[in-house]
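Inspection log for the structure reproduced underneath, given as structure tokens.
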Amino acid sequence: MTDPNPAVLFVCVHNAGRSQMAAGYLRELAGDRIDVFSAGSEPGNAVNPAAVAVMAEEGIDLSAATPQILTTDAVRQADVVITMGCGDACPIFPGKRYEDWQLDDPAGQPIGVVRGIRDDIKRRVQELISSLA
């Protein structure tokens, strides 16, 4: 019996920018080797249009993504929980790997700034995949 895929949960406040971009990259770059989830402690109404636009430049379609509420179950099922500025809103369970990625919030930023955030996220996701391989 083989081990199930590692599960990664990306969490930010609104689940509308950073966590959506990170989940998009991880799905694209890891394929079906890693289970990917994202959520927000206070989910927004829609994914940030600038995040959708800069990910489309990379060939990743976030247009159908919708912000999800962070649940205790989502954290429980994850092997790795990556937070992005949600602070103490994320429940902590023993035996999980936690990382906090210090990333600027793309909300209200010009497209050039959002591209920079995207590129930083891509680099971090590539490092994450290497650490899980």
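Quick note on naming: the chains in the structure tokens go A, B, ... in the order shown, residues restart at 1 in each chain, and ligands are numbered from 1 in order of appearance.
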
Skipping near chain neighbours, those fewer than 3 positions away, what residues fall within 7 Å of A:Asn48 using only C-alpha atoms, listed as a PDB file with N, CA and C atoms, in the first residue's frame?
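And here's out_8.pdb as it stands now:
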ATOM      1  N   ALA A  16      -8.409  35.243  -1.903  1.00  0.00           N
ATOM      2  CA  ALA A  16      -8.749  35.882  -3.176  1.00  0.00           C
ATOM      3  C   ALA A  16      -7.520  36.225  -4.009  1.00  0.00           C
ATOM      4  N   GLY A  17      -6.317  36.088  -3.443  1.00  0.00           N
ATOM      5  CA  GLY A  17      -5.122  36.484  -4.181  1.00  0.00           C
ATOM      6  C   GLY A  17      -3.991  35.504  -3.970  1.00  0.00           C
ATOM      7  N   ALA A  51      -5.048  39.034  -9.824  1.00  0.00           N
ATOM      8  CA  ALA A  51      -4.442  37.714  -9.623  1.00  0.00           C
ATOM      9  C   ALA A  51      -4.825  36.787 -10.778  1.00  0.00           C
ATOM     10  N   VAL A  52      -6.083  36.828 -11.178  1.00  0.00           N
ATOM     11  CA  VAL A  52      -6.539  36.017 -12.313  1.00  0.00           C
ATOM     12  C   VAL A  52      -5.751  36.399 -13.564  1.00  0.00           C
ATOM     13  N   ALA A 107      -4.157  42.836  -3.192  1.00  0.00           N
ATOM     14  CA  ALA A 107      -5.392  43.635  -3.284  1.00  0.00           C
ATOM     15  C   ALA A 107      -5.064  45.110  -3.475  1.00  0.00           C
TER      16      ALA A 107
END

Notebook entry, point to check: Which neighbours of A:Pro43 fall inside 8 Å, counting only C-alpha atoms, when residues of the same chain fewer than 6 positions from it are skipped, and could you give them as a ChimeraX atom specification?
Noted result: /A:13-16,67-69

Margin query: Taking the DSSP secondary structure from the backbone, can you list the residues of stretch 30-78 of chain A that are strand (DSSP E or B), as an MDAnalysis selection string?
Written below: chainID A and resid 35:40 69

Produce a file of the selected residues containing N, CA and C atoms, as an mmCIF file, in the first residue's frame.
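Final output, saved to selection11.cif:
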data_model
loop_
_atom_site.group_PDB
_atom_site.id
_atom_site.type_symbol
_atom_site.label_atom_id
_atom_site.label_comp_id
_atom_site.auth_asym_id
_atom_site.auth_seq_id
_atom_site.Cartn_x
_atom_site.Cartn_y
_atom_site.Cartn_z
ATOM 1 N N ASP A 35 -2.051 16.877 -3.251
ATOM 2 C CA ASP A 35 -3.424 17.371 -3.137
ATOM 3 C C ASP A 35 -3.361 18.822 -2.661
ATOM 4 N N VAL A 36 -4.114 19.698 -3.331
ATOM 5 C CA VAL A 36 -3.998 21.130 -3.104
ATOM 6 C C VAL A 36 -5.331 21.709 -2.657
ATOM 7 N N PHE A 37 -5.283 22.509 -1.590
ATOM 8 C CA PHE A 37 -6.477 23.183 -1.067
ATOM 9 C C PHE A 37 -6.098 24.620 -0.736
ATOM 10 N N SER A 38 -7.070 25.520 -0.791
ATOM 11 C CA SER A 38 -6.835 26.879 -0.320
ATOM 12 C C SER A 38 -8.097 27.381 0.357
ATOM 13 N N ALA A 39 -7.902 28.308 1.301
ATOM 14 C CA ALA A 39 -9.029 28.824 2.073
ATOM 15 C C ALA A 39 -8.647 30.163 2.678
ATOM 16 N N GLY A 40 -9.661 30.843 3.211
ATOM 17 C CA GLY A 40 -9.433 32.134 3.856
ATOM 18 C C GLY A 40 -10.156 32.217 5.177
ATOM 19 N N ILE A 69 -14.127 29.262 2.783
ATOM 20 C CA ILE A 69 -13.929 29.531 4.206
ATOM 21 C C ILE A 69 -12.967 28.493 4.786
#

Note to self: Which residue is closest to A:Pro110? Choose from A:Leu132, A:Ala50, A:Ala64, A:Val125 and count only C-alpha atoms.
What the structure shows: A:Ala50

Item checked: Shell of 12 Å around A:Gly112, only C-alpha atoms, local chain residues under 4 positions omitted, as a list in words ->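 What passes the distance filter is Ala50, Ala51, Ala53, Val54, Pro106, Gly108, Gly116, Ile117, Arg118 and Asp119 of chain A.
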
Notebook entry, point to check: Near stretch 27-31 of chain A, within 9 Å and counting only C-alpha atoms, which residues show up once chain neighbours fewer than 2 positions away are dropped, as a list in words?
Noted result: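 Using only C-alpha atoms, the neighbours found are Ala22, Ala23, Gly24, Tyr25, Arg33, Ile34, Asp35, Val36, Ile60, Val125, Gln126 and Ile129 of chain A.
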
Selection from above, all heavy atoms, as a compact mmCIF listing (two decimals), in the first residue's frame, can you write it?
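Below is the file result.txt, written as the result:
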# COMPACT_ATOMS: atom_id res chain seq x y z
N ALA A 22 -0.96 30.60 -5.26
CA ALA A 22 -0.11 29.50 -4.81
C ALA A 22 -0.76 28.15 -5.14
O ALA A 22 -0.09 27.24 -5.63
CB ALA A 22 0.15 29.62 -3.31
N ALA A 23 -2.05 28.03 -4.90
CA ALA A 23 -2.75 26.78 -5.20
C ALA A 23 -2.73 26.51 -6.70
O ALA A 23 -2.51 25.37 -7.14
CB ALA A 23 -4.19 26.84 -4.68
N GLY A 24 -2.91 27.56 -7.50
CA GLY A 24 -2.87 27.40 -8.96
C GLY A 24 -1.52 26.89 -9.43
O GLY A 24 -1.44 25.97 -10.25
N TYR A 25 -0.45 27.49 -8.89
CA TYR A 25 0.90 27.03 -9.26
C TYR A 25 1.14 25.60 -8.80
O TYR A 25 1.70 24.79 -9.55
CB TYR A 25 1.98 27.93 -8.66
CG TYR A 25 2.39 29.06 -9.54
CD1 TYR A 25 2.40 30.37 -9.07
CD2 TYR A 25 2.80 28.85 -10.85
CE1 TYR A 25 2.79 31.42 -9.88
CE2 TYR A 25 3.19 29.89 -11.66
CZ TYR A 25 3.18 31.18 -11.18
OH TYR A 25 3.57 32.21 -11.98
N ARG A 33 0.42 14.71 -8.01
CA ARG A 33 1.30 14.15 -6.97
C ARG A 33 1.03 14.77 -5.59
O ARG A 33 1.43 14.22 -4.57
CB ARG A 33 2.77 14.38 -7.33
CG ARG A 33 3.21 13.61 -8.58
CD ARG A 33 4.64 13.95 -8.94
NE ARG A 33 4.73 15.36 -9.32
CZ ARG A 33 5.80 16.13 -9.13
NH1 ARG A 33 6.87 15.66 -8.55
NH2 ARG A 33 5.80 17.39 -9.53
N ILE A 34 0.40 15.95 -5.58
CA ILE A 34 0.12 16.65 -4.32
C ILE A 34 -1.33 17.11 -4.36
O ILE A 34 -1.79 17.64 -5.37
CB ILE A 34 1.08 17.86 -4.15
CG1 ILE A 34 2.53 17.38 -4.09
CG2 ILE A 34 0.72 18.65 -2.89
CD1 ILE A 34 3.56 18.51 -4.09
N ASP A 35 -2.05 16.88 -3.25
CA ASP A 35 -3.42 17.37 -3.14
C ASP A 35 -3.36 18.82 -2.66
O ASP A 35 -2.66 19.14 -1.70
CB ASP A 35 -4.22 16.52 -2.15
CG ASP A 35 -4.39 15.08 -2.63
OD1 ASP A 35 -4.39 14.86 -3.85
OD2 ASP A 35 -4.49 14.18 -1.78
N VAL A 36 -4.11 19.70 -3.33
CA VAL A 36 -4.00 21.13 -3.10
C VAL A 36 -5.33 21.71 -2.66
O VAL A 36 -6.37 21.45 -3.29
CB VAL A 36 -3.56 21.85 -4.40
CG1 VAL A 36 -3.36 23.34 -4.14
CG2 VAL A 36 -2.29 21.23 -4.96
N ILE A 60 -2.23 29.70 -16.43
CA ILE A 60 -3.00 29.08 -15.35
C ILE A 60 -4.31 29.85 -15.19
O ILE A 60 -4.31 31.06 -14.98
CB ILE A 60 -2.19 29.08 -14.03
CG1 ILE A 60 -0.92 28.25 -14.22
CG2 ILE A 60 -3.03 28.55 -12.87
CD1 ILE A 60 0.06 28.33 -13.07
N VAL A 125 6.64 27.99 -4.30
CA VAL A 125 5.94 26.74 -4.61
C VAL A 125 6.92 25.71 -5.18
O VAL A 125 6.87 24.53 -4.82
CB VAL A 125 4.76 27.00 -5.58
CG1 VAL A 125 4.23 25.70 -6.17
CG2 VAL A 125 3.64 27.74 -4.85
N GLN A 126 7.84 26.15 -6.03
CA GLN A 126 8.85 25.23 -6.57
C GLN A 126 9.71 24.65 -5.44
O GLN A 126 10.00 23.45 -5.43
CB GLN A 126 9.71 25.94 -7.62
CG GLN A 126 8.94 26.22 -8.89
CD GLN A 126 9.66 27.17 -9.84
OE1 GLN A 126 10.36 28.10 -9.42
NE2 GLN A 126 9.47 26.97 -11.14
N ILE A 129 7.60 22.05 -3.56
CA ILE A 129 7.51 20.76 -4.28
C ILE A 129 8.79 19.97 -4.05
O ILE A 129 8.74 18.76 -3.77
CB ILE A 129 7.25 21.01 -5.78
CG1 ILE A 129 5.84 21.59 -5.98
CG2 ILE A 129 7.41 19.70 -6.57
CD1 ILE A 129 5.60 22.12 -7.39

Next item on the list: Would you please work out which residue, of A:Ala46, A:Ile111, A:Val8, A:Leu103, is nearest to A:Ile82 when using only C-alpha atoms?
Entry: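 For A:Ile82, the nearest of the candidates is A:Val8.
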
Notebook entry, point to check: atom CA of A:Ala78 and atom CA of A:Leu9 are how many Å apart?
Noted result: 5.9 Å

Checklist line | Residues of chain A in alpha helix (DSSP H), written as a PyMOL selection string | finding: chain A and resi 18-30+49-56+72-77+111-132
